[in-house]
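Q: What follows is query.pdb, PDB, N, CA and C atoms.
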ATOM      1  N   MET Q   1      -7.513   2.760 -17.453
ATOM      2  CA  MET Q   1      -7.763   2.661 -16.032
ATOM      3  C   MET Q   1      -7.370   3.984 -15.382
ATOM      4  N   LYS Q   2      -8.336   4.631 -14.811
ATOM      5  CA  LYS Q   2      -8.126   5.960 -14.270
ATOM      6  C   LYS Q   2      -7.418   5.941 -12.914
ATOM      7  N   GLN Q   3      -7.676   4.940 -12.118
ATOM      8  CA  GLN Q   3      -7.128   4.879 -10.772
ATOM      9  C   GLN Q   3      -6.152   3.711 -10.637
ATOM     10  N   TRP Q   4      -5.172   3.648 -11.509
ATOM     11  CA  TRP Q   4      -4.253   2.527 -11.529
ATOM     12  C   TRP Q   4      -3.374   2.492 -10.291
ATOM     13  N   ILE Q   5      -2.987   3.645  -9.760
ATOM     14  CA  ILE Q   5      -2.120   3.651  -8.582
ATOM     15  C   ILE Q   5      -2.861   3.102  -7.361
ATOM     16  N   LEU Q   6      -4.167   3.334  -7.279
ATOM     17  CA  LEU Q   6      -4.966   2.782  -6.190
ATOM     18  C   LEU Q   6      -5.015   1.261  -6.300
ATOM     19  N   SER Q   7      -5.279   0.758  -7.478
ATOM     20  CA  SER Q   7      -5.385  -0.689  -7.675
ATOM     21  C   SER Q   7      -4.069  -1.398  -7.371
ATOM     22  N   ILE Q   8      -2.982  -0.871  -7.894
ATOM     23  CA  ILE Q   8      -1.679  -1.497  -7.669
ATOM     24  C   ILE Q   8      -1.280  -1.394  -6.201
ATOM     25  N   GLY Q   9      -1.565  -0.260  -5.577
ATOM     26  CA  GLY Q   9      -1.243  -0.092  -4.162
ATOM     27  C   GLY Q   9      -1.985  -1.074  -3.278
ATOM     28  N   VAL Q  10      -3.257  -1.275  -3.564
ATOM     29  CA  VAL Q  10      -4.055  -2.234  -2.781
ATOM     30  C   VAL Q  10      -3.538  -3.650  -2.995
ATOM     31  N   ILE Q  11      -3.250  -4.010  -4.225
ATOM     32  CA  ILE Q  11      -2.767  -5.363  -4.522
ATOM     33  C   ILE Q  11      -1.434  -5.627  -3.833
ATOM     34  N   ILE Q  12      -0.494  -4.690  -3.929
ATOM     35  CA  ILE Q  12       0.815  -4.870  -3.297
ATOM     36  C   ILE Q  12       0.681  -4.948  -1.783
ATOM     37  N   THR Q  13      -0.166  -4.096  -1.210
ATOM     38  CA  THR Q  13      -0.355  -4.118   0.238
ATOM     39  C   THR Q  13      -0.955  -5.434   0.693
ATOM     40  N   ILE Q  14      -1.933  -5.942  -0.026
ATOM     41  CA  ILE Q  14      -2.561  -7.214   0.367
ATOM     42  C   ILE Q  14      -1.576  -8.373   0.244
ATOM     43  N   ILE Q  15      -0.853  -8.433  -0.864
ATOM     44  CA  ILE Q  15       0.051  -9.564  -1.083
ATOM     45  C   ILE Q  15       1.216  -9.530  -0.094
ATOM     46  N   PHE Q  16       1.963  -8.431  -0.077
ATOM     47  CA  PHE Q  16       3.156  -8.381   0.759
ATOM     48  C   PHE Q  16       2.825  -8.112   2.226
ATOM     49  N   GLY Q  17       1.927  -7.179   2.490
ATOM     50  CA  GLY Q  17       1.571  -6.871   3.870
ATOM     51  C   GLY Q  17       0.851  -8.026   4.548
ATOM     52  N   GLY Q  18      -0.033  -8.689   3.809
ATOM     53  CA  GLY Q  18      -0.733  -9.843   4.369
ATOM     54  C   GLY Q  18       0.215 -10.986   4.678
ATOM     55  N   GLY Q  19       1.121 -11.268   3.750
ATOM     56  CA  GLY Q  19       2.115 -12.321   3.990
ATOM     57  C   GLY Q  19       3.020 -11.983   5.159
ATOM     58  N   PHE Q  20       3.381 -10.711   5.266
ATOM     59  CA  PHE Q  20       4.216 -10.271   6.377
ATOM     60  C   PHE Q  20       3.511 -10.473   7.712
ATOM     61  N   LEU Q  21       2.243 -10.039   7.798
ATOM     62  CA  LEU Q  21       1.506 -10.165   9.055
ATOM     63  C   LEU Q  21       1.261 -11.624   9.438
ATOM     64  N   ILE Q  22       0.963 -12.461   8.464
ATOM     65  CA  ILE Q  22       0.729 -13.876   8.755
ATOM     66  C   ILE Q  22       1.996 -14.521   9.302
ATOM     67  N   ARG Q  23       3.135 -14.267   8.668
ATOM     68  CA  ARG Q  23       4.381 -14.873   9.151
ATOM     69  C   ARG Q  23       4.826 -14.295  10.479
ATOM     70  N   LEU Q  24       4.559 -13.013  10.696
ATOM     71  CA  LEU Q  24       4.930 -12.396  11.969
ATOM     72  C   LEU Q  24       4.101 -12.986  13.110
ATOM     73  N   MET Q  25       2.805 -13.155  12.893
ATOM     74  CA  MET Q  25       1.935 -13.700  13.934
ATOM     75  C   MET Q  25       2.174 -15.198  14.159
ATOM     76  N   ARG Q  26       2.342 -15.941  13.066
ATOM     77  CA  ARG Q  26       2.452 -17.395  13.174
ATOM     78  C   ARG Q  26       3.824 -17.837  13.688
ATOM     79  N   ASP Q  27       4.903 -17.307  13.062
ATOM     80  CA  ASP Q  27       6.252 -17.771  13.378
ATOM     81  C   ASP Q  27       7.033 -16.803  14.260
ATOM     82  N   GLY Q  28       6.609 -15.563  14.314
ATOM     83  CA  GLY Q  28       7.350 -14.564  15.070
ATOM     84  C   GLY Q  28       8.591 -14.092  14.336
ATOM     85  N   GLU Q  29       8.646 -14.324  13.026
ATOM     86  CA  GLU Q  29       9.807 -13.928  12.229
ATOM     87  C   GLU Q  29       9.494 -12.665  11.451
ATOM     88  N   PHE Q  30      10.481 -11.805  11.367
ATOM     89  CA  PHE Q  30      10.337 -10.519  10.697
ATOM     90  C   PHE Q  30      11.074 -10.591   9.362
ATOM     91  N   TYR Q  31      10.309 -10.624   8.273
ATOM     92  CA  TYR Q  31      10.901 -10.666   6.935
ATOM     93  C   TYR Q  31      10.929  -9.260   6.369
ATOM     94  N   ILE Q  32      12.134  -8.745   6.193
ATOM     95  CA  ILE Q  32      12.300  -7.353   5.786
ATOM     96  C   ILE Q  32      11.793  -7.114   4.359
ATOM     97  N   ALA Q  33      11.939  -8.087   3.474
ATOM     98  CA  ALA Q  33      11.494  -7.907   2.090
ATOM     99  C   ALA Q  33       9.976  -7.746   2.020
ATOM    100  N   GLU Q  34       9.243  -8.555   2.769
ATOM    101  CA  GLU Q  34       7.785  -8.434   2.778
ATOM    102  C   GLU Q  34       7.343  -7.153   3.471
ATOM    103  N   PHE Q  35       8.070  -6.750   4.506
ATOM    104  CA  PHE Q  35       7.758  -5.505   5.198
ATOM    105  C   PHE Q  35       7.928  -4.312   4.262
ATOM    106  N   ILE Q  36       9.025  -4.291   3.520
ATOM    107  CA  ILE Q  36       9.269  -3.197   2.573
ATOM    108  C   ILE Q  36       8.208  -3.205   1.482
ATOM    109  N   GLY Q  37       7.833  -4.371   0.976
ATOM    110  CA  GLY Q  37       6.781  -4.457  -0.035
ATOM    111  C   GLY Q  37       5.452  -3.927   0.477
ATOM    112  N   GLY Q  38       5.097  -4.290   1.698
ATOM    113  CA  GLY Q  38       3.862  -3.797   2.293
ATOM    114  C   GLY Q  38       3.882  -2.291   2.496
ATOM    115  N   MET Q  39       5.010  -1.765   2.943
ATOM    116  CA  MET Q  39       5.135  -0.316   3.138
ATOM    117  C   MET Q  39       5.082   0.422   1.790
ATOM    118  N   PHE Q  40       5.645  -0.175   0.764
ATOM    119  CA  PHE Q  40       5.591   0.425  -0.571
ATOM    120  C   PHE Q  40       4.146   0.534  -1.045
ATOM    121  N   GLY Q  41       3.363  -0.500  -0.798
ATOM    122  CA  GLY Q  41       1.940  -0.465  -1.154
ATOM    123  C   GLY Q  41       1.192   0.608  -0.386
ATOM    124  N   ILE Q  42       1.493   0.751   0.897
ATOM    125  CA  ILE Q  42       0.835   1.778   1.708
ATOM    126  C   ILE Q  42       1.236   3.173   1.234
ATOM    127  N   VAL Q  43       2.488   3.346   0.871
ATOM    128  CA  VAL Q  43       2.941   4.642   0.345
ATOM    129  C   VAL Q  43       2.209   4.968  -0.946
ATOM    130  N   MET Q  44       2.007   3.981  -1.798
ATOM    131  CA  MET Q  44       1.257   4.216  -3.035
ATOM    132  C   MET Q  44      -0.178   4.638  -2.740
ATOM    133  N   LEU Q  45      -0.795   4.027  -1.729
ATOM    134  CA  LEU Q  45      -2.150   4.414  -1.344
ATOM    135  C   LEU Q  45      -2.182   5.841  -0.809
ATOM    136  N   LEU Q  46      -1.176   6.223  -0.024
ATOM    137  CA  LEU Q  46      -1.116   7.589   0.502
ATOM    138  C   LEU Q  46      -0.913   8.612  -0.618
ATOM    139  N   ILE Q  47      -0.083   8.268  -1.591
ATOM    140  CA  ILE Q  47       0.116   9.162  -2.746
ATOM    141  C   ILE Q  47      -1.206   9.355  -3.471
ATOM    142  N   TRP Q  48      -1.952   8.273  -3.652
ATOM    143  CA  TRP Q  48      -3.250   8.370  -4.324
ATOM    144  C   TRP Q  48      -4.194   9.276  -3.546
ATOM    145  N   LEU Q  49      -4.213   9.125  -2.216
ATOM    146  CA  LEU Q  49      -5.090   9.965  -1.397
ATOM    147  C   LEU Q  49      -4.714  11.440  -1.501
ATOM    148  N   PHE Q  50      -3.418  11.740  -1.451
ATOM    149  CA  PHE Q  50      -2.986  13.134  -1.532
ATOM    150  C   PHE Q  50      -3.260  13.729  -2.913
ATOM    151  N   LYS Q  51      -3.060  12.920  -3.958
ATOM    152  CA  LYS Q  51      -3.363  13.411  -5.307
ATOM    153  C   LYS Q  51      -4.850  13.679  -5.468
ATOM    154  N   LYS Q  52      -5.669  12.791  -4.937
ATOM    155  CA  LYS Q  52      -7.110  12.958  -5.033
ATOM    156  C   LYS Q  52      -7.552  14.201  -4.273
ATOM    157  N   GLY Q  53      -6.980  14.423  -3.092
ATOM    158  CA  GLY Q  53      -7.318  15.594  -2.302
ATOM    159  C   GLY Q  53      -6.857  16.881  -2.962
ATOM    160  N   SER Q  54      -5.700  16.871  -3.584
ATOM    161  CA  SER Q  54      -5.207  18.081  -4.230
ATOM    162  C   SER Q  54      -6.001  18.395  -5.491
ATOM    163  N   LEU Q  55      -6.498  17.378  -6.167
ATOM    164  CA  LEU Q  55      -7.323  17.627  -7.353
ATOM    165  C   LEU Q  55      -8.659  18.256  -6.965
ATOM    166  N   LYS Q  56      -9.233  17.814  -5.824
ATOM    167  CA  LYS Q  56     -10.486  18.387  -5.376
ATOM    168  C   LYS Q  56     -10.328  19.861  -4.988
ATOM    169  N   SER Q  57      -9.219  20.168  -4.321
ATOM    170  CA  SER Q  57      -9.026  21.562  -3.894
ATOM    171  C   SER Q  57      -8.696  22.463  -5.079
ATOM    172  N   ASP Q  58      -8.125  21.940  -6.141
ATOM    173  CA  ASP Q  58      -7.828  22.742  -7.330
ATOM    174  C   ASP Q  58      -9.084  23.081  -8.103
ATOM    175  N   ASN Q  59     -10.105  22.254  -8.017
ATOM    176  CA  ASN Q  59     -11.331  22.469  -8.785
ATOM    177  C   ASN Q  59     -12.276  23.461  -8.134
ATOM    178  N   ILE Q  60     -12.003  23.863  -6.903
ATOM    179  CA  ILE Q  60     -12.915  24.756  -6.188
ATOM    180  C   ILE Q  60     -12.870  26.147  -6.737
TER
END
Can you dump the structure from the file as structure tokens?
A:
Amino acid sequence: MKQWILSIGVIITIIFGGGFLIRLMRDGEFYIAEFIGGMFGIVMLLIWLFKKGSLKSDNI
């Protein structure tokens, strides 16, 4: 799998970030563990984007 960090980042963001948003909207409760999990997934996606961008600029 060539883009494993993208796949894992999307999965973590959907699972933890989605659960966080649903509970925040429905109950008004802020669960720090789900928030951290969602942010970790977003950070993984940003790392993937920066790596992809740096690889393109190196090939020029």
Q: Can you tell me which residues surround Trp4 (chain Q) at a distance of at most 12 Å, considering only C-alpha atoms, apart from same-chain residues fewer than 4 positions away, and format the answer as a list of chain:residue names?
A: Q:Ile8, Q:Gly9, Q:Val10, Q:Ile11, Q:Met44, Q:Leu45, Q:Ile47, Q:Trp48
Q: Using only N, CA and C atoms, find the one residue out of Q:Met25, Q:Leu46, Q:Met39, Q:Ile32 that sits nearest to Thr13 (chain Q).
A: Q:Met39
Q: Output the residue selection produced by the PyMOL selection byres ((chain Q and resi 16-20) around 6.5) on the file above, formatted as a PyMOL selection string.
A: chain Q and resi 11-15+21-25+31+34-35+37-39
Q: Write to file, as a PDB file, in the frame of the given file, the residues of the selection just made, with N, CA and C atoms.
A:
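Result saved to result12.pdb:
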ATOM      1  N   ILE Q  11      -3.250  -4.010  -4.225  1.00  0.00           N
ATOM      2  CA  ILE Q  11      -2.767  -5.363  -4.522  1.00  0.00           C
ATOM      3  C   ILE Q  11      -1.434  -5.627  -3.833  1.00  0.00           C
ATOM      4  N   ILE Q  12      -0.494  -4.690  -3.929  1.00  0.00           N
ATOM      5  CA  ILE Q  12       0.815  -4.870  -3.297  1.00  0.00           C
ATOM      6  C   ILE Q  12       0.681  -4.948  -1.783  1.00  0.00           C
ATOM      7  N   THR Q  13      -0.166  -4.096  -1.210  1.00  0.00           N
ATOM      8  CA  THR Q  13      -0.355  -4.118   0.238  1.00  0.00           C
ATOM      9  C   THR Q  13      -0.955  -5.434   0.693  1.00  0.00           C
ATOM     10  N   ILE Q  14      -1.933  -5.942  -0.026  1.00  0.00           N
ATOM     11  CA  ILE Q  14      -2.561  -7.214   0.367  1.00  0.00           C
ATOM     12  C   ILE Q  14      -1.576  -8.373   0.244  1.00  0.00           C
ATOM     13  N   ILE Q  15      -0.853  -8.433  -0.864  1.00  0.00           N
ATOM     14  CA  ILE Q  15       0.051  -9.564  -1.083  1.00  0.00           C
ATOM     15  C   ILE Q  15       1.216  -9.530  -0.094  1.00  0.00           C
ATOM     16  N   LEU Q  21       2.243 -10.039   7.798  1.00  0.00           N
ATOM     17  CA  LEU Q  21       1.506 -10.165   9.055  1.00  0.00           C
ATOM     18  C   LEU Q  21       1.261 -11.624   9.438  1.00  0.00           C
ATOM     19  N   ILE Q  22       0.963 -12.461   8.464  1.00  0.00           N
ATOM     20  CA  ILE Q  22       0.729 -13.876   8.755  1.00  0.00           C
ATOM     21  C   ILE Q  22       1.996 -14.521   9.302  1.00  0.00           C
ATOM     22  N   ARG Q  23       3.135 -14.267   8.668  1.00  0.00           N
ATOM     23  CA  ARG Q  23       4.381 -14.873   9.151  1.00  0.00           C
ATOM     24  C   ARG Q  23       4.826 -14.295  10.479  1.00  0.00           C
ATOM     25  N   LEU Q  24       4.559 -13.013  10.696  1.00  0.00           N
ATOM     26  CA  LEU Q  24       4.930 -12.396  11.969  1.00  0.00           C
ATOM     27  C   LEU Q  24       4.101 -12.986  13.110  1.00  0.00           C
ATOM     28  N   MET Q  25       2.805 -13.155  12.893  1.00  0.00           N
ATOM     29  CA  MET Q  25       1.935 -13.700  13.934  1.00  0.00           C
ATOM     30  C   MET Q  25       2.174 -15.198  14.159  1.00  0.00           C
ATOM     31  N   TYR Q  31      10.309 -10.624   8.273  1.00  0.00           N
ATOM     32  CA  TYR Q  31      10.901 -10.666   6.935  1.00  0.00           C
ATOM     33  C   TYR Q  31      10.929  -9.260   6.369  1.00  0.00           C
ATOM     34  N   GLU Q  34       9.243  -8.555   2.769  1.00  0.00           N
ATOM     35  CA  GLU Q  34       7.785  -8.434   2.778  1.00  0.00           C
ATOM     36  C   GLU Q  34       7.343  -7.153   3.471  1.00  0.00           C
ATOM     37  N   PHE Q  35       8.070  -6.750   4.506  1.00  0.00           N
ATOM     38  CA  PHE Q  35       7.758  -5.505   5.198  1.00  0.00           C
ATOM     39  C   PHE Q  35       7.928  -4.312   4.262  1.00  0.00           C
ATOM     40  N   GLY Q  37       7.833  -4.371   0.976  1.00  0.00           N
ATOM     41  CA  GLY Q  37       6.781  -4.457  -0.035  1.00  0.00           C
ATOM     42  C   GLY Q  37       5.452  -3.927   0.477  1.00  0.00           C
ATOM     43  N   GLY Q  38       5.097  -4.290   1.698  1.00  0.00           N
ATOM     44  CA  GLY Q  38       3.862  -3.797   2.293  1.00  0.00           C
ATOM     45  C   GLY Q  38       3.882  -2.291   2.496  1.00  0.00           C
ATOM     46  N   MET Q  39       5.010  -1.765   2.943  1.00  0.00           N
ATOM     47  CA  MET Q  39       5.135  -0.316   3.138  1.00  0.00           C
ATOM     48  C   MET Q  39       5.082   0.422   1.790  1.00  0.00           C
TER      49      MET Q  39
END
Q: Do you have the atom N of Arg26 (chain Q)-CA of Ile5 (chain Q) distance handy?
A: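 Here the two named atoms are 29.5 Å from each other.
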Q: In Å, rounded to a single decimal, give me how far CA of Ile42 (chain Q) is from CA of Ser54 (chain Q).
A: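 So the answer is 18.4 Å.
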Q: Give the answer as one residue: which of Q:Ala33, Q:Lys56, Q:Lys51, Q:Asp27 has the shortest atom-to-atom distance to Leu6 (chain Q), using only C-alpha atoms?
A: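 Of Q:Ala33, Q:Lys56, Q:Lys51, Q:Asp27, the one nearest Leu6 (chain Q) is Q:Lys51, counting only C-alpha atoms.
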Q: Please compute the atom C of Ser7 (chain Q)-atom N of Phe30 (chain Q) distance, one decimal, in Å.
A: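 Interatomic distance, atom C of Ser7 (chain Q) to atom N of Phe30 (chain Q): 25.9 Å.
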